[in-house]
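Q: Structure: target.cif, mmCIF, C-alpha atoms (C1' of nucleotides).
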```cif
data_target
loop_
_atom_site.label_atom_id
_atom_site.label_comp_id
_atom_site.auth_asym_id
_atom_site.auth_seq_id
_atom_site.Cartn_x
_atom_site.Cartn_y
_atom_site.Cartn_z
CA MET A 1 -25.35 -53.94 -6.08
CA ALA A 2 -27.95 -51.16 -5.99
CA LYS A 3 -28.23 -49.26 -9.21
CA GLY A 4 -27.31 -45.98 -7.56
CA GLU A 5 -24.10 -47.45 -6.19
CA ALA A 6 -23.09 -48.65 -9.63
CA PHE A 7 -22.46 -45.07 -10.73
CA SER A 8 -19.93 -44.58 -7.94
CA ALA A 9 -18.39 -48.00 -8.43
CA ILE A 10 -17.85 -47.38 -12.13
CA PHE A 11 -16.23 -44.04 -11.39
CA ASP A 12 -13.76 -45.77 -9.06
CA LEU A 13 -13.02 -48.40 -11.68
CA LEU A 14 -12.37 -45.86 -14.41
CA LEU A 15 -10.21 -43.65 -12.21
CA ALA A 16 -8.12 -46.64 -11.15
CA ARG A 17 -7.77 -47.73 -14.76
CA PHE A 18 -7.12 -44.43 -16.54
CA GLY A 19 -6.00 -42.06 -13.78
CA PRO A 20 -6.94 -38.36 -13.48
CA GLN A 21 -7.67 -36.80 -16.87
CA HIS A 22 -7.07 -33.12 -16.04
CA TRP A 23 -9.92 -31.91 -18.24
CA TRP A 24 -10.97 -29.70 -20.06
CA PRO A 25 -8.01 -29.77 -22.52
CA ALA A 26 -7.69 -25.98 -22.83
CA ASP A 27 -5.51 -23.19 -21.44
CA SER A 28 -8.27 -20.85 -20.25
CA PRO A 29 -12.00 -20.66 -19.54
CA PHE A 30 -12.46 -18.76 -22.78
CA GLU A 31 -10.82 -21.58 -24.73
CA VAL A 32 -13.17 -24.01 -23.02
CA LEU A 33 -16.13 -22.02 -24.28
CA VAL A 34 -14.77 -21.92 -27.84
CA GLY A 35 -13.91 -25.61 -27.78
CA ALA A 36 -17.35 -26.53 -26.43
CA VAL A 37 -18.98 -25.17 -29.58
CA LEU A 38 -16.36 -26.41 -32.03
CA THR A 39 -16.44 -29.97 -30.70
CA GLN A 40 -20.14 -30.50 -31.42
CA ASN A 41 -20.35 -33.88 -33.16
CA THR A 42 -16.65 -33.60 -33.98
CA SER A 43 -13.43 -35.33 -32.91
CA TRP A 44 -11.19 -33.32 -30.60
CA GLN A 45 -8.29 -33.77 -33.00
CA ASN A 46 -10.05 -31.62 -35.59
CA VAL A 47 -11.14 -29.11 -32.97
CA LYS A 48 -7.57 -28.74 -31.76
CA ARG A 49 -6.48 -27.89 -35.30
CA ALA A 50 -9.07 -25.13 -35.53
CA ILE A 51 -8.15 -23.74 -32.11
CA ASP A 52 -4.46 -23.78 -33.06
CA VAL A 53 -5.29 -21.74 -36.16
CA LEU A 54 -7.10 -19.19 -34.01
CA ARG A 55 -4.19 -19.04 -31.60
CA ASP A 56 -1.62 -18.68 -34.39
CA HIS A 57 -3.61 -15.73 -35.72
CA GLY A 58 -3.77 -14.14 -32.27
CA CYS A 59 -7.53 -14.46 -32.34
CA LEU A 60 -8.09 -16.60 -29.28
CA SER A 61 -9.70 -13.90 -27.16
CA PHE A 62 -13.17 -12.57 -26.57
CA VAL A 63 -12.47 -9.18 -28.14
CA ALA A 64 -10.85 -10.64 -31.25
CA LEU A 65 -13.59 -13.16 -31.98
CA ASP A 66 -16.49 -10.95 -30.93
CA SER A 67 -15.38 -8.23 -33.34
CA MET A 68 -14.47 -10.57 -36.21
CA ALA A 69 -16.77 -10.96 -39.21
CA VAL A 70 -18.56 -14.29 -39.11
CA GLU A 71 -17.21 -15.21 -42.58
CA ASN A 72 -13.62 -14.69 -41.42
CA LEU A 73 -14.22 -16.80 -38.35
CA ALA A 74 -15.71 -19.56 -40.48
CA ALA A 75 -12.63 -19.60 -42.71
CA LEU A 76 -10.30 -19.91 -39.71
CA ILE A 77 -12.16 -22.77 -38.05
CA ARG A 78 -12.59 -24.78 -41.24
CA PRO A 79 -10.62 -27.83 -39.96
CA CYS A 80 -13.21 -28.64 -37.32
CA GLY A 81 -16.03 -29.18 -39.80
CA TYR A 82 -19.48 -27.53 -39.95
CA HIS A 83 -17.49 -24.29 -39.98
CA SER A 84 -20.31 -22.06 -41.29
CA VAL A 85 -22.76 -23.29 -38.68
CA LYS A 86 -20.25 -23.22 -35.85
CA ALA A 87 -19.00 -19.72 -36.70
CA LYS A 88 -22.54 -18.43 -36.41
CA ARG A 89 -23.17 -20.35 -33.19
CA LEU A 90 -19.98 -19.08 -31.64
CA LYS A 91 -20.83 -15.49 -32.59
CA ASN A 92 -24.28 -15.93 -31.02
CA LEU A 93 -22.66 -17.18 -27.83
CA LEU A 94 -20.12 -14.34 -27.75
CA ALA A 95 -22.91 -11.78 -28.16
CA MET A 96 -24.73 -13.28 -25.18
CA LEU A 97 -21.47 -13.24 -23.20
CA ARG A 98 -21.02 -9.55 -24.02
CA HIS A 99 -24.57 -8.61 -23.00
CA GLU A 100 -24.91 -10.79 -19.90
CA TYR A 101 -21.35 -11.10 -18.61
CA ALA A 102 -19.43 -8.12 -20.03
CA GLY A 103 -17.45 -10.59 -22.16
CA GLU A 104 -16.01 -12.33 -19.10
CA VAL A 105 -16.39 -16.12 -19.08
CA THR A 106 -15.45 -16.26 -15.41
CA ALA A 107 -18.46 -14.07 -14.58
CA ILE A 108 -20.65 -17.08 -15.37
CA ALA A 109 -19.49 -18.54 -12.06
CA ARG A 110 -21.13 -15.67 -10.17
CA ASP A 111 -24.60 -16.50 -11.52
CA THR A 112 -26.57 -19.33 -9.96
CA LEU A 113 -26.31 -22.55 -11.94
CA PRO A 114 -29.95 -22.55 -13.17
CA THR A 115 -29.78 -18.89 -14.21
CA ALA A 116 -26.52 -19.32 -16.10
CA ARG A 117 -27.78 -22.52 -17.72
CA ASN A 118 -30.92 -20.81 -18.97
CA LYS A 119 -28.89 -17.94 -20.42
CA LEU A 120 -26.67 -20.40 -22.29
CA LEU A 121 -29.59 -22.49 -23.54
CA ALA A 122 -31.27 -19.35 -24.87
CA VAL A 123 -28.42 -18.99 -27.38
CA SER A 124 -29.19 -20.51 -30.76
CA GLY A 125 -26.55 -23.18 -31.26
CA VAL A 126 -26.06 -23.97 -27.58
CA GLY A 127 -27.83 -27.15 -26.48
CA PRO A 128 -27.66 -28.98 -23.15
CA GLU A 129 -24.26 -30.62 -23.64
CA THR A 130 -22.55 -27.45 -24.82
CA ALA A 131 -24.15 -25.47 -21.99
CA ASP A 132 -23.19 -27.99 -19.32
CA SER A 133 -19.64 -28.26 -20.66
CA ILE A 134 -19.20 -24.51 -20.31
CA LEU A 135 -20.89 -24.44 -16.90
CA LEU A 136 -18.75 -27.25 -15.51
CA TYR A 137 -15.40 -26.85 -17.22
CA ALA A 138 -15.24 -23.06 -17.68
CA ALA A 139 -17.24 -21.85 -14.66
CA GLY A 140 -16.91 -24.69 -12.15
CA HIS A 141 -20.66 -25.15 -11.69
CA PRO A 142 -21.60 -28.67 -10.50
CA THR A 143 -23.64 -29.96 -13.45
CA PHE A 144 -23.10 -33.34 -15.10
CA VAL A 145 -22.18 -33.38 -18.79
CA VAL A 146 -23.91 -36.08 -20.81
CA ASP A 147 -22.58 -36.98 -24.23
CA ALA A 148 -22.95 -39.70 -26.84
CA TYR A 149 -20.45 -41.92 -25.01
CA THR A 150 -22.35 -41.55 -21.73
CA HIS A 151 -25.56 -42.68 -23.37
CA ARG A 152 -23.90 -45.54 -25.24
CA VAL A 153 -21.85 -46.90 -22.33
CA PHE A 154 -24.52 -46.69 -19.66
CA SER A 155 -27.40 -47.94 -21.77
CA ARG A 156 -25.24 -50.84 -22.92
CA HIS A 157 -24.89 -51.82 -19.28
CA PHE A 158 -28.59 -51.23 -18.51
CA LEU A 159 -27.91 -48.37 -16.10
CA VAL A 160 -30.01 -45.99 -18.18
CA SER A 161 -32.64 -46.79 -20.79
CA GLU A 162 -31.70 -46.80 -24.46
CA GLU A 163 -34.56 -44.34 -25.02
CA SER A 164 -33.45 -41.92 -22.29
CA GLY A 165 -32.99 -38.31 -23.27
CA TYR A 166 -30.36 -35.87 -22.05
CA GLU A 167 -32.06 -34.65 -18.87
CA GLU A 168 -33.06 -38.12 -17.78
CA ILE A 169 -29.51 -39.44 -18.00
CA GLN A 170 -28.17 -36.35 -16.27
CA ASP A 171 -30.69 -36.81 -13.45
CA ALA A 172 -29.59 -40.43 -12.98
CA PHE A 173 -25.97 -39.37 -12.46
CA MET A 174 -26.76 -36.40 -10.26
CA ALA A 175 -29.14 -38.43 -8.08
CA ALA A 176 -26.51 -41.12 -7.56
CA LEU A 177 -23.49 -38.89 -6.89
CA PRO A 178 -22.60 -36.12 -4.45
CA THR A 179 -22.96 -32.67 -6.01
CA GLU A 180 -19.28 -31.88 -6.54
CA ALA A 181 -17.89 -30.13 -9.58
CA ALA A 182 -14.52 -31.90 -9.25
CA LEU A 183 -16.23 -35.29 -9.31
CA PHE A 184 -18.48 -34.43 -12.27
CA ASN A 185 -15.46 -33.01 -14.07
CA GLU A 186 -13.39 -36.15 -13.65
CA TYR A 187 -16.24 -38.57 -14.30
CA HIS A 188 -17.24 -37.11 -17.64
CA ALA A 189 -13.61 -37.01 -18.76
CA LEU A 190 -13.16 -40.64 -17.80
CA ILE A 191 -16.29 -41.67 -19.71
CA VAL A 192 -14.93 -40.00 -22.83
CA GLU A 193 -11.61 -41.79 -22.42
CA LEU A 194 -13.41 -45.09 -21.95
CA GLY A 195 -15.62 -44.41 -24.94
CA LYS A 196 -12.76 -43.50 -27.23
CA GLN A 197 -10.88 -46.66 -26.33
CA PHE A 198 -13.63 -49.23 -25.88
CA CYS A 199 -17.09 -48.05 -26.84
CA LYS A 200 -17.03 -46.89 -30.42
CA LYS A 201 -20.24 -47.13 -32.37
CA ARG A 202 -21.28 -50.55 -33.64
CA ARG A 203 -18.36 -52.30 -31.99
CA PRO A 204 -19.09 -55.13 -29.54
CA LEU A 205 -17.70 -55.01 -26.03
CA CYS A 206 -14.25 -56.58 -25.76
CA ALA A 207 -12.65 -58.29 -22.78
CA ALA A 208 -10.12 -55.49 -22.33
CA CYS A 209 -12.87 -52.99 -21.49
CA PRO A 210 -12.76 -52.11 -17.78
CA LEU A 211 -16.55 -52.66 -17.63
CA SER A 212 -16.63 -56.00 -19.46
CA HIS A 213 -17.41 -57.85 -16.20
CA LEU A 214 -20.72 -55.95 -15.83
CA PRO A 215 -23.98 -57.16 -17.39
CA HIS A 216 -24.08 -55.87 -20.95
CA ASN A 217 -25.69 -56.19 -24.36
CA VAL A 218 -23.96 -58.67 -26.59
CA GLY A 219 -23.08 -57.35 -30.06
CA GLU A 220 -25.68 -56.67 -32.71
"C1'" DC B 1 -15.34 -47.31 -50.58
"C1'" DA B 2 -18.36 -46.69 -46.05
"C1'" DC B 3 -18.52 -45.17 -41.55
"C1'" DC B 4 -17.47 -42.34 -37.64
"C1'" DA B 5 -16.49 -38.19 -34.43
"C1'" DG B 6 -17.27 -35.25 -26.96
"C1'" DG B 7 -24.66 -31.71 -31.26
"C1'" DC B 8 -27.99 -28.71 -32.56
"C1'" DA B 9 -31.71 -26.44 -35.02
"C1'" DA B 10 -34.90 -26.41 -38.68
"C1'" DG B 11 -38.04 -28.79 -41.47
"C1'" DT B 12 -41.81 -32.20 -42.07
"C1'" DA B 13 -46.21 -34.66 -41.08
"C1'" DT C 1 -45.28 -34.04 -30.49
"C1'" DA C 2 -42.04 -37.18 -32.86
"C1'" DC C 3 -39.06 -38.17 -36.46
"C1'" DT C 4 -35.82 -36.70 -40.25
"C1'" DT C 5 -32.27 -33.95 -42.39
"C1'" DG C 6 -28.37 -30.57 -43.09
"C1'" DC C 7 -24.16 -29.17 -41.60
"C1'" DA C 8 -18.35 -30.75 -43.29
"C1'" DT C 9 -13.59 -31.95 -42.14
"C1'" DG C 10 -10.21 -35.59 -41.30
"C1'" DG C 11 -9.19 -40.39 -39.53
"C1'" DT C 12 -9.87 -45.53 -39.85
#
```
So that I can check it, write out the structure of this file as structure tokens.
A:
Amino acid sequence: MAKGEAFSAIFDLLLARFGPQHWWPADSPFEVLVGAVLTQNTSWQNVKRAIDVLRDHGCLSFVALDSMAVENLAALIRPCGYHSVKAKRLKNLLAMLRHEYAGEVTAIARDTLPTARNKLLAVSGVGPETADSILLYAAGHPTFVVDAYTHRVFSRHFLVSEESGYEEIQDAFMAALPTEAALFNEYHALIVELGKQFCKKRRPLCAACPLSHLPHNVGE
DNA sequence: CACCAGGCAAGTA
DNA sequence: TACTTGCATGGT
């Protein structure tokens, strides 16, 4: 099988195995943006706790968070970890949203993808994964989200190099797949589901993994 | 107890 | 440029 076709074949396998994931797990584009920052290097379970706190305090809106003191925000999001850093990052992002998009997350969809991506990346605390998550899951822009699971799963099966960086992995996916937001949306979600179940760090591949029939590294 | 989780920026040489 | 380190809570 050609390497490019493997990306499509794996998508089909994962979809058949896990079914549609209906990502991003949030009730609004604004919640996607908040969650994208809070989930940096953090389990979604902890992020959900922090978001629930914000919701219970009636603070899950642009106006509420944009006007809140950074120390108060940090106290509220404590359960997600790195709360001081993330409070500052979220405030930086909200300030950019106010200046560039009048505080409207949905306005990001009206920019071109490269323009919106550059605006997001210019925010201190927003890197490529956070930016792409917002672009894809909050604004519907067709960009592929690469995360730790993506790197681990696909390098383990020799479809990307172990040394590949973010952009290189993203390019591999976007060169192999049609440019469709719905496809990128579902594929990333399926990779996370696969990763959570079968590709945790320093755990060898097991026979139950849907990709166990592919060539792969044997355990370390 | 050690290790991990849907990163990122700042510091060091 | 290429590593390394700090950030922090909650689960296994």
Q: Using Å and a single decimal, report how far CA of Phe198 in chain A sits from CA of Trp23 in chain A.
A: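 CA of Trp23 in chain A sits 19.3 Å away from CA of Phe198 in chain A.
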Q: Set out as CSV a contact list for chain A and chain C with a cut-off of 8 Å, giving each residue of chain A that qualifies its closest atom pair and distance in Å to one decimal, counting all atoms listed in the file, ordered by chain and rising residue number.
A:
```
residue,atom,partner,partner_atom,distance
A:Asn46,CA,C:DG10,C1',7.0
A:Arg78,CA,C:DT9,C1',7.3
A:Pro79,CA,C:DT9,C1',5.5
A:Cys80,CA,C:DT9,C1',5.9
A:Gly81,CA,C:DT9,C1',4.4
A:Tyr82,CA,C:DA8,C1',4.8
A:His83,CA,C:DA8,C1',7.3
A:Val85,CA,C:DC7,C1',6.7
```
Q: Using all atoms listed in the file, which chain A residues lie at most 9 Å away from chain B, written as a PyMOL selection string?
A: chain A and resi 36-37+39-44+124-127+129-130+147-149+192+200-201
Q: Excluding Thr179 in chain A and any residue of its chain fewer than 6 positions from it, enumerate the residues within 12 Å of it, using only C-alpha atoms (C1' of nucleotides), and give them as a list in words.
A: Leu136, Gly140, His141, Pro142, Thr143, Phe144, Asp171, Phe173 and Asn185 of chain A
Q: Quick one: which residues end up in the PyMOL selection byres ((chain A and resi 135) around 12) for this structure, as a ChimeraX atom specification?
A: /A:24,29-30,32-33,36,105-121,126,128-134,136-145,181,184-185
Q: So which one's closest to Glu5 in chain A, A:Ala172, A:Pro204, A:Cys209, A:His216? Using all atoms listed in the file, please.
A: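 Closest to Glu5 in chain A of all the choices is A:Ala172.
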Q: Please indicate the distance in Å from CA of Ala189 in chain A to CA of Lys91 in chain A, rounded to one decimal place.
A: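 Value for the CA of Ala189 in chain A-CA of Lys91 in chain A distance: 26.6 Å.
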Q: Between CA of Glu104 in chain A and CA of Ile191 in chain A, what is the spacing in Å?
A: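 These atoms are spaced 29.3 Å apart.
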Q: Translate the PyMOL selection byres ((chain A and resi 160) around 12), as applied to the file shown, into an explicit residue set as a PDB file with C-alpha atoms, keeping the file's coordinate frame.
A:
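Everything below was put into part25.pdb:
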```pdb
ATOM      1  CA  LYS A   3     -28.230 -49.260  -9.210  1.00  0.00           C
ATOM      2  CA  GLY A   4     -27.310 -45.980  -7.560  1.00  0.00           C
ATOM      3  CA  ALA A   6     -23.090 -48.650  -9.630  1.00  0.00           C
ATOM      4  CA  PHE A   7     -22.460 -45.070 -10.730  1.00  0.00           C
ATOM      5  CA  VAL A 146     -23.910 -36.080 -20.810  1.00  0.00           C
ATOM      6  CA  THR A 150     -22.350 -41.550 -21.730  1.00  0.00           C
ATOM      7  CA  HIS A 151     -25.560 -42.680 -23.370  1.00  0.00           C
ATOM      8  CA  ARG A 152     -23.900 -45.540 -25.240  1.00  0.00           C
ATOM      9  CA  VAL A 153     -21.850 -46.900 -22.330  1.00  0.00           C
ATOM     10  CA  PHE A 154     -24.520 -46.690 -19.660  1.00  0.00           C
ATOM     11  CA  SER A 155     -27.400 -47.940 -21.770  1.00  0.00           C
ATOM     12  CA  ARG A 156     -25.240 -50.840 -22.920  1.00  0.00           C
ATOM     13  CA  HIS A 157     -24.890 -51.820 -19.280  1.00  0.00           C
ATOM     14  CA  PHE A 158     -28.590 -51.230 -18.510  1.00  0.00           C
ATOM     15  CA  LEU A 159     -27.910 -48.370 -16.100  1.00  0.00           C
ATOM     16  CA  SER A 161     -32.640 -46.790 -20.790  1.00  0.00           C
ATOM     17  CA  GLU A 162     -31.700 -46.800 -24.460  1.00  0.00           C
ATOM     18  CA  GLU A 163     -34.560 -44.340 -25.020  1.00  0.00           C
ATOM     19  CA  SER A 164     -33.450 -41.920 -22.290  1.00  0.00           C
ATOM     20  CA  GLY A 165     -32.990 -38.310 -23.270  1.00  0.00           C
ATOM     21  CA  TYR A 166     -30.360 -35.870 -22.050  1.00  0.00           C
ATOM     22  CA  GLU A 167     -32.060 -34.650 -18.870  1.00  0.00           C
ATOM     23  CA  GLU A 168     -33.060 -38.120 -17.780  1.00  0.00           C
ATOM     24  CA  ILE A 169     -29.510 -39.440 -18.000  1.00  0.00           C
ATOM     25  CA  GLN A 170     -28.170 -36.350 -16.270  1.00  0.00           C
ATOM     26  CA  ASP A 171     -30.690 -36.810 -13.450  1.00  0.00           C
ATOM     27  CA  ALA A 172     -29.590 -40.430 -12.980  1.00  0.00           C
ATOM     28  CA  PHE A 173     -25.970 -39.370 -12.460  1.00  0.00           C
ATOM     29  CA  HIS A 216     -24.080 -55.870 -20.950  1.00  0.00           C
TER      30      HIS A 216
END
```
Q: Identify, on the basis of only C-alpha atoms (C1' of nucleotides), every residue whose closest approach to Glu186 in chain A does not exceed 7 Å; exclude the query and any residue fewer than 4 positions from it along the same chain; express the result as a PyMOL selection string.
A: chain A and resi 20-21+182+190
Q: List the residues sitting within 12 Å of (-20.7, -12.9, -27.5) in the file's frame, using only C-alpha atoms (C1' of nucleotides), as a PDB file with C-alpha atoms, keeping the file's coordinate frame.
A:
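Output file part-v8.pdb is given in full below:
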```
ATOM      1  CA  PHE A  30     -12.460 -18.760 -22.780  1.00  0.00           C
ATOM      2  CA  LEU A  33     -16.130 -22.020 -24.280  1.00  0.00           C
ATOM      3  CA  VAL A  34     -14.770 -21.920 -27.840  1.00  0.00           C
ATOM      4  CA  SER A  61      -9.700 -13.900 -27.160  1.00  0.00           C
ATOM      5  CA  PHE A  62     -13.170 -12.570 -26.570  1.00  0.00           C
ATOM      6  CA  VAL A  63     -12.470  -9.180 -28.140  1.00  0.00           C
ATOM      7  CA  ALA A  64     -10.850 -10.640 -31.250  1.00  0.00           C
ATOM      8  CA  LEU A  65     -13.590 -13.160 -31.980  1.00  0.00           C
ATOM      9  CA  ASP A  66     -16.490 -10.950 -30.930  1.00  0.00           C
ATOM     10  CA  SER A  67     -15.380  -8.230 -33.340  1.00  0.00           C
ATOM     11  CA  MET A  68     -14.470 -10.570 -36.210  1.00  0.00           C
ATOM     12  CA  VAL A  70     -18.560 -14.290 -39.110  1.00  0.00           C
ATOM     13  CA  ALA A  87     -19.000 -19.720 -36.700  1.00  0.00           C
ATOM     14  CA  LYS A  88     -22.540 -18.430 -36.410  1.00  0.00           C
ATOM     15  CA  ARG A  89     -23.170 -20.350 -33.190  1.00  0.00           C
ATOM     16  CA  LEU A  90     -19.980 -19.080 -31.640  1.00  0.00           C
ATOM     17  CA  LYS A  91     -20.830 -15.490 -32.590  1.00  0.00           C
ATOM     18  CA  ASN A  92     -24.280 -15.930 -31.020  1.00  0.00           C
ATOM     19  CA  LEU A  93     -22.660 -17.180 -27.830  1.00  0.00           C
ATOM     20  CA  LEU A  94     -20.120 -14.340 -27.750  1.00  0.00           C
ATOM     21  CA  ALA A  95     -22.910 -11.780 -28.160  1.00  0.00           C
ATOM     22  CA  MET A  96     -24.730 -13.280 -25.180  1.00  0.00           C
ATOM     23  CA  LEU A  97     -21.470 -13.240 -23.200  1.00  0.00           C
ATOM     24  CA  ARG A  98     -21.020  -9.550 -24.020  1.00  0.00           C
ATOM     25  CA  HIS A  99     -24.570  -8.610 -23.000  1.00  0.00           C
ATOM     26  CA  GLU A 100     -24.910 -10.790 -19.900  1.00  0.00           C
ATOM     27  CA  TYR A 101     -21.350 -11.100 -18.610  1.00  0.00           C
ATOM     28  CA  ALA A 102     -19.430  -8.120 -20.030  1.00  0.00           C
ATOM     29  CA  GLY A 103     -17.450 -10.590 -22.160  1.00  0.00           C
ATOM     30  CA  GLU A 104     -16.010 -12.330 -19.100  1.00  0.00           C
ATOM     31  CA  VAL A 105     -16.390 -16.120 -19.080  1.00  0.00           C
ATOM     32  CA  LYS A 119     -28.890 -17.940 -20.420  1.00  0.00           C
ATOM     33  CA  LEU A 120     -26.670 -20.400 -22.290  1.00  0.00           C
ATOM     34  CA  VAL A 123     -28.420 -18.990 -27.380  1.00  0.00           C
ATOM     35  CA  SER A 124     -29.190 -20.510 -30.760  1.00  0.00           C
TER      36      SER A 124
END
```
